[in-house]
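query26.cif (mmCIF, C-alpha atoms)
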```cif
data_structure
loop_
_atom_site.label_atom_id
_atom_site.label_comp_id
_atom_site.auth_asym_id
_atom_site.auth_seq_id
_atom_site.Cartn_x
_atom_site.Cartn_y
_atom_site.Cartn_z
CA MET L 1 11.50 11.77 4.42
CA ALA L 2 14.32 9.69 2.96
CA ALA L 3 16.74 11.46 5.31
CA LEU L 4 14.80 10.09 8.28
CA LEU L 5 15.28 6.55 6.98
CA THR L 6 19.03 6.57 6.33
CA GLY L 7 19.63 4.63 9.55
CA TYR L 8 18.11 1.59 7.82
CA ARG L 9 20.61 1.65 4.96
CA ALA L 10 22.87 -0.81 6.80
CA GLU L 11 20.00 -3.34 6.93
CA SER L 12 19.80 -3.58 3.11
CA PRO L 13 16.08 -2.75 3.15
CA LEU L 14 13.52 -3.33 0.43
CA VAL L 15 11.37 -0.27 -0.32
CA LEU L 16 7.73 -1.07 -1.13
CA GLY L 17 5.48 1.65 -2.56
CA LEU L 18 1.69 1.48 -2.47
CA PRO L 19 0.50 2.24 -6.00
CA ARG L 20 -0.25 4.47 -7.36
CA GLY L 21 0.57 7.59 -5.35
CA GLY L 22 3.06 5.99 -3.00
CA VAL L 23 5.37 4.83 -5.78
CA PRO L 24 6.90 8.24 -6.68
CA VAL L 25 7.61 8.79 -2.98
CA ALA L 26 9.04 5.28 -2.58
CA TYR L 27 11.17 5.76 -5.70
CA GLU L 28 12.92 8.77 -4.15
CA VAL L 29 13.43 6.90 -0.87
CA ALA L 30 14.92 3.91 -2.68
CA ARG L 31 17.16 6.15 -4.78
CA THR L 32 18.46 8.01 -1.72
CA LEU L 33 19.16 4.82 0.21
CA GLY L 34 20.50 2.89 -2.77
CA ALA L 35 17.85 0.25 -2.00
CA PRO L 36 15.74 -1.94 -4.31
CA LEU L 37 12.17 -0.84 -5.08
CA ASP L 38 8.97 -2.81 -5.59
CA VAL L 39 5.24 -2.35 -5.15
CA TRP L 40 2.67 -3.82 -2.80
CA VAL L 41 -0.78 -3.54 -4.32
CA VAL L 42 -3.78 -2.56 -2.18
CA ARG L 43 -7.29 -1.46 -3.20
CA LYS L 44 -9.91 0.33 -1.13
CA VAL L 45 -13.21 -1.50 -0.72
CA GLY L 46 -15.94 1.08 -1.17
CA ALA L 47 -19.51 1.06 0.09
CA PRO L 48 -21.99 -0.43 -2.40
CA GLY L 49 -23.28 2.42 -4.54
CA HIS L 50 -20.94 4.89 -2.82
CA GLU L 51 -17.48 3.70 -3.83
CA GLU L 52 -15.77 6.84 -2.51
CA LEU L 53 -16.73 5.80 1.04
CA GLY L 54 -14.08 3.33 2.16
CA LEU L 55 -15.26 0.41 4.29
CA GLY L 56 -12.02 -1.54 4.09
CA ALA L 57 -9.28 -2.67 1.76
CA VAL L 58 -7.95 -5.77 0.04
CA ALA L 59 -4.22 -6.34 -0.44
CA GLU L 60 -1.93 -8.39 -2.61
CA GLY L 61 -1.57 -11.75 -0.91
CA GLY L 62 -5.29 -12.09 -0.17
CA VAL L 63 -5.66 -10.05 3.01
CA LEU L 64 -8.98 -8.27 3.49
CA PHE L 65 -9.61 -5.61 6.12
CA LEU L 66 -13.20 -4.53 6.79
CA ASP L 67 -14.36 -1.83 9.17
CA ARG L 68 -17.31 -3.78 10.53
CA GLY L 69 -18.16 -1.05 13.02
CA MET L 70 -18.67 1.43 10.20
CA MET L 71 -20.55 -1.15 8.15
CA ARG L 72 -23.00 -1.73 11.01
CA SER L 73 -23.45 1.96 11.75
CA LEU L 74 -24.22 2.73 8.09
CA GLY L 75 -26.40 -0.33 7.55
CA TYR L 76 -24.28 -2.19 4.97
CA SER L 77 -24.47 -5.98 5.02
CA GLU L 78 -21.33 -8.08 4.86
CA THR L 79 -22.72 -9.91 1.81
CA ALA L 80 -23.03 -6.68 -0.18
CA VAL L 81 -19.61 -5.41 0.89
CA MET L 82 -18.01 -8.76 0.06
CA ARG L 83 -19.23 -8.40 -3.53
CA GLU L 84 -17.31 -5.12 -3.69
CA ALA L 85 -14.30 -6.83 -2.11
CA GLU L 86 -14.35 -9.57 -4.76
CA ARG L 87 -14.25 -6.96 -7.52
CA GLU L 88 -11.37 -5.15 -5.87
CA ALA L 89 -9.51 -8.43 -5.37
CA ASP L 90 -9.72 -9.03 -9.11
CA GLU L 91 -8.36 -5.53 -9.70
CA VAL L 92 -5.48 -6.19 -7.29
CA THR L 93 -4.53 -9.28 -9.32
CA ALA L 94 -4.72 -7.32 -12.57
CA ARG L 95 -2.57 -4.51 -11.21
CA VAL L 96 0.08 -6.86 -9.86
CA ALA L 97 0.46 -8.27 -13.37
CA ARG L 98 0.32 -4.81 -14.95
CA PHE L 99 2.99 -3.29 -12.72
CA ARG L 100 5.40 -6.22 -12.37
CA GLY L 101 5.03 -7.83 -15.78
CA SER L 102 7.56 -10.66 -15.89
CA HIS L 103 9.54 -9.23 -12.97
CA PRO L 104 9.43 -11.74 -10.10
CA ALA L 105 7.70 -10.87 -6.84
CA PRO L 106 10.21 -9.85 -4.16
CA GLU L 107 11.46 -12.20 -1.49
CA LEU L 108 10.21 -10.76 1.80
CA GLU L 109 11.03 -13.32 4.49
CA GLY L 110 13.54 -11.99 7.01
CA ARG L 111 13.97 -8.64 5.25
CA THR L 112 13.59 -5.11 6.52
CA LEU L 113 10.70 -3.58 4.56
CA LEU L 114 10.17 0.17 4.20
CA LEU L 115 6.47 0.47 3.38
CA VAL L 116 5.84 3.85 1.75
CA ASP L 117 2.72 5.74 0.72
CA ASP L 118 1.99 9.39 -0.06
CA GLY L 119 0.04 9.70 3.18
CA VAL L 120 -2.31 8.03 5.65
CA ALA L 121 -5.86 9.30 6.18
CA THR L 122 -8.10 6.57 7.65
CA GLY L 123 -5.41 3.86 7.57
CA GLY L 124 -7.58 1.10 6.12
CA THR L 125 -5.50 0.40 3.02
CA MET L 126 -2.29 0.54 5.03
CA ARG L 127 -3.67 -1.91 7.59
CA ALA L 128 -4.48 -4.41 4.85
CA ALA L 129 -1.01 -3.98 3.36
CA ILE L 130 0.68 -4.55 6.72
CA GLY L 131 -1.41 -7.66 7.40
CA ALA L 132 -0.50 -9.16 4.03
CA LEU L 133 3.18 -8.41 4.55
CA ARG L 134 3.23 -9.91 8.05
CA ALA L 135 2.07 -13.20 6.55
CA ARG L 136 5.35 -13.20 4.54
CA ARG L 137 7.37 -13.19 7.78
CA PRO L 138 9.61 -10.17 7.14
CA GLY L 139 12.29 -9.28 9.64
CA LYS L 140 10.92 -5.78 10.16
CA ILE L 141 8.21 -3.49 8.75
CA VAL L 142 8.79 0.25 8.82
CA LEU L 143 5.85 2.45 7.83
CA ALA L 144 7.00 5.70 6.20
CA VAL L 145 4.77 8.53 4.95
CA PRO L 146 5.20 12.26 4.38
CA VAL L 147 1.91 13.09 6.13
CA GLY L 148 -0.68 11.25 8.16
CA ALA L 149 -3.63 11.74 10.46
CA VAL L 150 -2.39 11.43 14.04
CA GLU L 151 -5.26 9.17 15.15
CA SER L 152 -4.70 6.77 12.24
CA LEU L 153 -0.93 6.75 12.73
CA GLU L 154 -1.32 5.87 16.39
CA SER L 155 -3.69 3.03 15.52
CA LEU L 156 -1.09 1.64 13.09
CA ARG L 157 1.95 2.11 15.32
CA ALA L 158 1.43 -1.16 17.20
CA GLU L 159 1.30 -3.10 13.92
CA VAL L 160 4.73 -2.07 12.64
CA ASP L 161 8.27 -2.09 14.02
CA ASP L 162 8.83 1.60 13.37
CA LEU L 163 6.81 4.50 12.02
CA VAL L 164 8.23 7.57 10.30
CA CYS L 165 5.99 10.53 9.40
CA VAL L 166 7.32 13.94 8.44
CA TYR L 167 4.11 15.79 9.26
CA PRO L 168 1.62 14.18 11.65
CA ALA L 169 -1.63 16.13 11.17
CA GLU L 170 -4.12 16.61 13.99
CA PHE L 171 -6.87 17.42 11.48
CA MET L 172 -7.05 15.81 8.05
CA MET L 173 -9.88 15.56 5.56
CA ALA L 174 -7.77 14.05 2.77
CA VAL L 175 -4.09 13.46 2.00
CA GLY L 176 -4.26 15.74 -1.05
CA GLU L 177 -4.87 18.86 1.03
CA PHE L 178 -1.24 18.71 2.18
CA TYR L 179 0.21 18.74 -1.35
CA ASP L 180 0.60 21.70 -3.72
CA ASP L 181 0.31 19.28 -6.66
CA PHE L 182 -1.74 16.13 -6.06
CA ARG L 183 -2.50 15.10 -9.62
CA GLN L 184 -3.24 11.39 -9.92
CA THR L 185 -0.26 9.18 -10.70
CA SER L 186 -0.93 7.05 -13.77
CA ASP L 187 -0.29 3.34 -14.22
CA GLU L 188 2.27 4.23 -16.86
CA GLU L 189 4.17 6.46 -14.45
CA VAL L 190 4.27 3.64 -11.92
CA ARG L 191 5.58 1.23 -14.54
CA GLU L 192 8.17 3.73 -15.71
CA LEU L 193 9.54 4.32 -12.19
CA LEU L 194 9.71 0.58 -11.52
CA ALA L 195 11.46 0.01 -14.83
CA ARG L 196 14.04 2.65 -13.95
CA ALA L 197 14.61 1.10 -10.54
CA TRP L 198 14.93 -2.38 -12.05
CA GLY L 199 17.12 -1.20 -14.91
CA GLU L 200 14.57 -2.47 -17.42
CA ARG L 201 12.39 -1.16 -20.19
CA PRO L 202 8.69 -1.02 -19.31
CA GLU L 203 6.87 -4.08 -20.60
CA ALA L 204 3.42 -4.17 -22.14
CA SER L 205 0.66 -5.07 -19.71
CA ARG L 206 0.01 -8.76 -19.31
CA ALA L 207 -3.12 -10.62 -18.46
CA GLY L 208 -3.55 -11.19 -14.74
CA ALA L 209 -1.56 -13.72 -12.84
CA GLU L 210 -3.47 -16.40 -11.00
CA ARG L 211 -5.29 -15.10 -8.00
CA GLU L 212 -4.58 -16.64 -4.64
CA GLY L 213 -7.60 -18.37 -3.21
CA GLY L 214 -9.36 -17.20 -0.07
CA TYR L 215 -8.86 -14.29 2.27
CA THR L 216 -6.92 -13.73 5.44
CA TRP L 217 -9.19 -11.63 7.63
CA TRP L 218 -7.72 -8.57 9.30
CA THR L 219 -10.04 -6.71 11.69
#
```
Take the structure I supplied and represent it as structure tokens, if you would.
Amino acid sequence: MAALLTGYRAESPLVLGLPRGGVPVAYEVARTLGAPLDVWVVRKVGAPGHEELGLGAVAEGGVLFLDRGMMRSLGYSETAVMREAEREADEVTARVARFRGSHPAPELEGRTLLLVDDGVATGGTMRAAIGALRARRPGKIVLAVPVGAVESLESLRAEVDDLVCVYPAEFMMAVGEFYDDFRQTSDEEVRELLARAWGERPEASRAGAEREGGYTWWT
């Protein structure tokens, strides 16, 4: 995938990985391009009592995406789903502190951003990430994934400046079915890869940074 992004090297891009699984992919992209690496934290918002069923996502920067059509069809109230969103927002804050430690958040305004994940299935988490990044007024957002569901990729294409996918899949149940080894990436692995990219030693986890108030709605 990194070979498909070499044309952006001249734009001095910033590579952003979605933790956890997107960070090992983003690390290799950043290493190939000689570009800086950081994370952009997003959490799926699950259905109350059925957390594996994604109804939306909340991203670093306070952006919340909810699939209201699915919520209505399955009979979930916005009040109940918002309670799940609040919990995930707290986890986003905790993970930002855990992964970055004392490392400053990246400057995004005017920059070319290569937004990388290990794949796109429904696209909800990626949509929240893109919405949060747009609020930072970057020069360009390029979505890059090894594999993605064609329908989801097409729905995201209008929201980014470019989209790179090695293997667009017509039929996809889950991203993991396209990997020989899809073991879960740990927090420690994410921290280690970031530390390598930043030329630092991994720091101990810190208590959460202050959470930004309110949400930016993305529907």
Evaluate the PyMOL selection byres ((chain L and resi 25) around 12) and record the selected residues as a PDB file with C-alpha atoms, keeping the file's coordinate frame, following the chain and residue labels used in the document.
```pdb
ATOM      1  CA  MET L   1      11.500  11.770   4.420  1.00  0.00           C
ATOM      2  CA  ALA L   2      14.320   9.690   2.960  1.00  0.00           C
ATOM      3  CA  VAL L  15      11.370  -0.270  -0.320  1.00  0.00           C
ATOM      4  CA  LEU L  16       7.730  -1.070  -1.130  1.00  0.00           C
ATOM      5  CA  GLY L  17       5.480   1.650  -2.560  1.00  0.00           C
ATOM      6  CA  LEU L  18       1.690   1.480  -2.470  1.00  0.00           C
ATOM      7  CA  PRO L  19       0.500   2.240  -6.000  1.00  0.00           C
ATOM      8  CA  ARG L  20      -0.250   4.470  -7.360  1.00  0.00           C
ATOM      9  CA  GLY L  21       0.570   7.590  -5.350  1.00  0.00           C
ATOM     10  CA  GLY L  22       3.060   5.990  -3.000  1.00  0.00           C
ATOM     11  CA  VAL L  23       5.370   4.830  -5.780  1.00  0.00           C
ATOM     12  CA  PRO L  24       6.900   8.240  -6.680  1.00  0.00           C
ATOM     13  CA  ALA L  26       9.040   5.280  -2.580  1.00  0.00           C
ATOM     14  CA  TYR L  27      11.170   5.760  -5.700  1.00  0.00           C
ATOM     15  CA  GLU L  28      12.920   8.770  -4.150  1.00  0.00           C
ATOM     16  CA  VAL L  29      13.430   6.900  -0.870  1.00  0.00           C
ATOM     17  CA  ALA L  30      14.920   3.910  -2.680  1.00  0.00           C
ATOM     18  CA  ARG L  31      17.160   6.150  -4.780  1.00  0.00           C
ATOM     19  CA  THR L  32      18.460   8.010  -1.720  1.00  0.00           C
ATOM     20  CA  LEU L  37      12.170  -0.840  -5.080  1.00  0.00           C
ATOM     21  CA  ASP L  38       8.970  -2.810  -5.590  1.00  0.00           C
ATOM     22  CA  VAL L  39       5.240  -2.350  -5.150  1.00  0.00           C
ATOM     23  CA  LEU L 114      10.170   0.170   4.200  1.00  0.00           C
ATOM     24  CA  LEU L 115       6.470   0.470   3.380  1.00  0.00           C
ATOM     25  CA  VAL L 116       5.840   3.850   1.750  1.00  0.00           C
ATOM     26  CA  ASP L 117       2.720   5.740   0.720  1.00  0.00           C
ATOM     27  CA  ASP L 118       1.990   9.390  -0.060  1.00  0.00           C
ATOM     28  CA  GLY L 119       0.040   9.700   3.180  1.00  0.00           C
ATOM     29  CA  ALA L 144       7.000   5.700   6.200  1.00  0.00           C
ATOM     30  CA  VAL L 145       4.770   8.530   4.950  1.00  0.00           C
ATOM     31  CA  PRO L 146       5.200  12.260   4.380  1.00  0.00           C
ATOM     32  CA  VAL L 147       1.910  13.090   6.130  1.00  0.00           C
ATOM     33  CA  THR L 185      -0.260   9.180 -10.700  1.00  0.00           C
ATOM     34  CA  VAL L 190       4.270   3.640 -11.920  1.00  0.00           C
ATOM     35  CA  LEU L 193       9.540   4.320 -12.190  1.00  0.00           C
TER      36      LEU L 193
END
```
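Here atom CA of L:Met172 and atom CA of L:Leu133 stand 26.5 Å from one another.
For L:Ala149, the non-local neighbours within 10 Å, defined as residues at least 3 positions apart in the same chain or in other chains and counting all atoms listed in the file, are L:Gly119, L:Val120, L:Ala121, L:Thr122, L:Gly123, L:Ser152, L:Leu153, L:Glu154, L:Cys165, L:Tyr167, L:Pro168, L:Ala169, L:Glu170, L:Phe171, L:Met172, L:Met173, L:Ala174, L:Val175.
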Which residues are close to L:Val42, i.e. within 7 Å by all atoms listed in the file, leaving aside same-chain residues fewer than 5 positions away? Reply as a PyMOL selection string.
chain L and resi 18+57-60+92+125+129
Starting from the shown file, work through the PyMOL selection byres ((chain L and resi 13) around 12) and note down what comes out as a PyMOL selection string.
chain L and resi 5-12+14-16+29-31+33-38+106-115+138-142
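Atom CA of L:Arg136 is found 19.3 Å from atom CA of L:Leu163.
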What is the distance between atom CA of L:Leu156 and atom CA of L:Phe65, in Å to one decimal?
13.2 Å
